[in-house]
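All remarks here apply to the structure that follows.
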Amino acid sequence: MRTPLALLALASLAACGGGKGTTTARHTIIDSRDFDDPRSLDPALSTDVPTGRAVGYVFDGLTQFTPDARVQPALAERWETSPDGMTYVFHLRRGVKFHDGTPFGARDVVRSWQRVLDPKVRGGRGWPLYPIAGAEDYANGKAASVRGMTVRDDSTLVVTLKEPFAIFPKLLAMPVAAIVPGNLPENFGERPVGTGPWRFVQWKHDDYLLFARNPDYWGGAPEVDSLRARIVAEPSTAVAEFEAGNVDVTLVPEGESQAWEEDTERRRLLHSAPALVLVYVAINTQRGPLRDARVRQAINHAVDTRKIIEILVSGRGRQAAGVIPPTLEGADTTRAPYAFDTLKARQLVREAGYPNGVDVELWVGTNPTYLRIAQTLQAYLRKANIRVKIVQRESAAARGAARKGETDMYLKDWYADYPDAENFLYPLLHSKNVGLGGNVSFYQNPAFDQIVSRARAELNDSVRVRLYRQADSIAFRDAPMLFLYFDRLILGVQPWLAGFKVPAIFNGQRWTQVTMRHAGTDTNTRAQR
């Protein structure tokens, strides 16, 4: 197997150069969406978007996401849930093999998940598997095994949860829950072996990763020969490569969307979709004047968020009126955002007992767009008698300070791990997650907590959605954050790509149905071979 893959790697690399508007020389999809090298190609260490995206090419979970963020069967072709929501019986696909020829079975699932949870595996995050009975105890070194997993036979796995959790199958589509073989090769994070649609070929760090189609993939082999994931640190370089025809998909840089829209040639190459990303300012509800909801509401009224979206991010966002993206069930799309009203903002500050206004710090990382937003917020809030000192730190330092409760306000974003309203309500605002868990607003409202906890356990979809909406309404009123906008993902896609869909969630596009058309023909690469 190694010789053909090596030859494919060399052939693909030699053929990657292409003139503008043509793909005649190559049969490789080239994607340049990532700015950073993956941390690893080991699913157990999947804690960032580049890693998770690459893991999704090589590996499968029991479930997977579609580009439009629906969950569907993967290695589990179907499953049943007990009436109390505590037990899942997963029926696994038969005849599936890992890339090295090893057959896949139920024991591989148990071994994979225990490996993720193993306290000796440092640096990963096992929380998506914590709903399984005994998983958290095992991860904390308090148990010798995970009692909630039982292999009934080679193709049947029984999973018992510690409490009902209706969206559990969605968590299993996350990269960390992907299935690995029993005998891991040396340096597995650099040379991964999975069951996925793409076989790993080569990783040239900080430059590219190369994958070859898996002709034996259970879901049908990819339509093209190979996939190359470019790592381009500078967005302008990625755009230049795209315009030269050397890459097929690129992110349109923040601030450039309008210029692309106004350019006739570029506009026809734009593809976009709502992203499950919330950009907001976490307001620490336990610090000084910010303890008063009226001050927090004043902060929301003081800012013209529509102008910020229009001018600073080229209109590529939708103003937020809560924490649930409008594309997810549970969002109240009829709720109006906080109105821009400087006089009302000043009035609320006075009513809260601060006739002379308040002084706060706004922390921000190194993202240049976010720094411009922070400076704009400073100007708006000054007019509402809210004096802001901007504190800029390296992103990890700012994040660490916020988690420790050392910031008044922190401008940040939240990327969904899985497409459900719970993934916004629970980590961002439930009191169980204050600080390190993601709730850097340190928001604590027993009524909110109770509703979110009920929603997590509720098996009836319509009831759960109603509870999500109630919780979001409470949070909107309490204003533990300055609600800014839900991001929109905008990509440049070459005209010769067919079948590409912009993924709403980062690991939702696996390139299996995408084809490439050669210049001057109506046939794709598979047909021409």
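Residues in the structure tokens are named by chain (A, B, ... in the order shown) and by number from 1 within that chain; ligands are numbered from 1 in the order shown.
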
Apply DSSP to the backbone of this structure and, from stretch 288-463 of chain A, keep only the residues in strand (DSSP E or B); write these as an MDAnalysis selection string.
chainID A and resid 317:319 358:364 386:392 409:415 434 439

Please build the interface table for stretch 327-386 of chain A against stretch 303-317 of chain A with a cut-off of 7 Å, listing for each qualifying residue the nearest atom pair and the distance in Å to one decimal; count only C-alpha atoms, order rows by chain and increasing number, and write it as CSV.
residue,atom,partner,partner_atom,distance
A:Phe340,CA,A:Asp304,CA,5.2
A:Leu377,CA,A:Val303,CA,6.6
A:Tyr380,CA,A:Val303,CA,5.6
A:Leu381,CA,A:Val303,CA,6.8

Which residues, written as a PyMOL selection string, have at least one atom at most 12 Å from A:Arg267, with only C-alpha atoms counted and residues fewer than 4 positions away on the same chain left out?
chain A and resi 252+256-263+271-272+490-495

Can you list, as a list in words, all residues belonging to stretch 206-246 of chain A that DSSP tags as alpha helix (DSSP H)?
Pro235, Ser236, Thr237, Ala238, Val239, Ala240, Glu241, Phe242 and Glu243 of chain A

What's around A:Ile167 at 10 Å? Count only C-alpha atoms, leave out sequence neighbours fewer than 4 positions away in its own chain, and write the answer as a VMD selection string.
chain A and resid 71 171 to 172 418 to 420 422 456 to 459 461

Give me a file of those residues, with N, CA and C atoms, as a PDB file, in the first residue's frame.
ATOM      1  N   VAL A  71     -27.453  15.664  11.761  1.00  0.00           N
ATOM      2  CA  VAL A  71     -26.725  14.472  12.180  1.00  0.00           C
ATOM      3  C   VAL A  71     -27.299  13.273  11.446  1.00  0.00           C
ATOM      4  N   LEU A 171     -23.169  14.450  19.829  1.00  0.00           N
ATOM      5  CA  LEU A 171     -21.826  14.510  20.389  1.00  0.00           C
ATOM      6  C   LEU A 171     -20.916  13.463  19.760  1.00  0.00           C
ATOM      7  N   LEU A 172     -21.500  12.365  19.312  1.00  0.00           N
ATOM      8  CA  LEU A 172     -20.698  11.287  18.745  1.00  0.00           C
ATOM      9  C   LEU A 172     -20.203  11.606  17.338  1.00  0.00           C
ATOM     10  N   TYR A 418     -21.253  21.246  18.199  1.00  0.00           N
ATOM     11  CA  TYR A 418     -22.279  20.430  17.553  1.00  0.00           C
ATOM     12  C   TYR A 418     -23.516  21.297  17.367  1.00  0.00           C
ATOM     13  N   PRO A 419     -24.341  20.997  16.361  1.00  0.00           N
ATOM     14  CA  PRO A 419     -25.441  21.881  15.992  1.00  0.00           C
ATOM     15  C   PRO A 419     -26.681  21.707  16.862  1.00  0.00           C
ATOM     16  N   ASP A 420     -26.657  22.319  18.021  1.00  0.00           N
ATOM     17  CA  ASP A 420     -27.822  22.277  18.897  1.00  0.00           C
ATOM     18  C   ASP A 420     -27.795  23.506  19.801  1.00  0.00           C
ATOM     19  N   GLU A 422     -28.445  23.733  22.794  1.00  0.00           N
ATOM     20  CA  GLU A 422     -27.847  23.395  24.084  1.00  0.00           C
ATOM     21  C   GLU A 422     -26.381  23.763  24.126  1.00  0.00           C
ATOM     22  N   ARG A 456     -32.015  19.516  28.583  1.00  0.00           N
ATOM     23  CA  ARG A 456     -30.992  18.518  28.271  1.00  0.00           C
ATOM     24  C   ARG A 456     -31.521  17.097  28.422  1.00  0.00           C
ATOM     25  N   ALA A 457     -32.422  16.902  29.377  1.00  0.00           N
ATOM     26  CA  ALA A 457     -32.957  15.568  29.650  1.00  0.00           C
ATOM     27  C   ALA A 457     -34.250  15.272  28.900  1.00  0.00           C
ATOM     28  N   GLU A 458     -34.875  16.281  28.317  1.00  0.00           N
ATOM     29  CA  GLU A 458     -36.178  16.131  27.681  1.00  0.00           C
ATOM     30  C   GLU A 458     -36.066  15.351  26.369  1.00  0.00           C
ATOM     31  N   LEU A 459     -36.861  14.286  26.243  1.00  0.00           N
ATOM     32  CA  LEU A 459     -36.816  13.441  25.052  1.00  0.00           C
ATOM     33  C   LEU A 459     -37.771  13.898  23.958  1.00  0.00           C
ATOM     34  N   ASP A 461     -38.936  16.322  21.350  1.00  0.00           N
ATOM     35  CA  ASP A 461     -38.251  17.397  20.628  1.00  0.00           C
ATOM     36  C   ASP A 461     -38.963  18.740  20.751  1.00  0.00           C
TER      37      ASP A 461
END

Quick one: residues within 9 Å of A:Ala471, only C-alpha atoms, excluding same-chain residues fewer than 6 positions away - as a PyMOL selection string?
chain A and resi 425+447-452
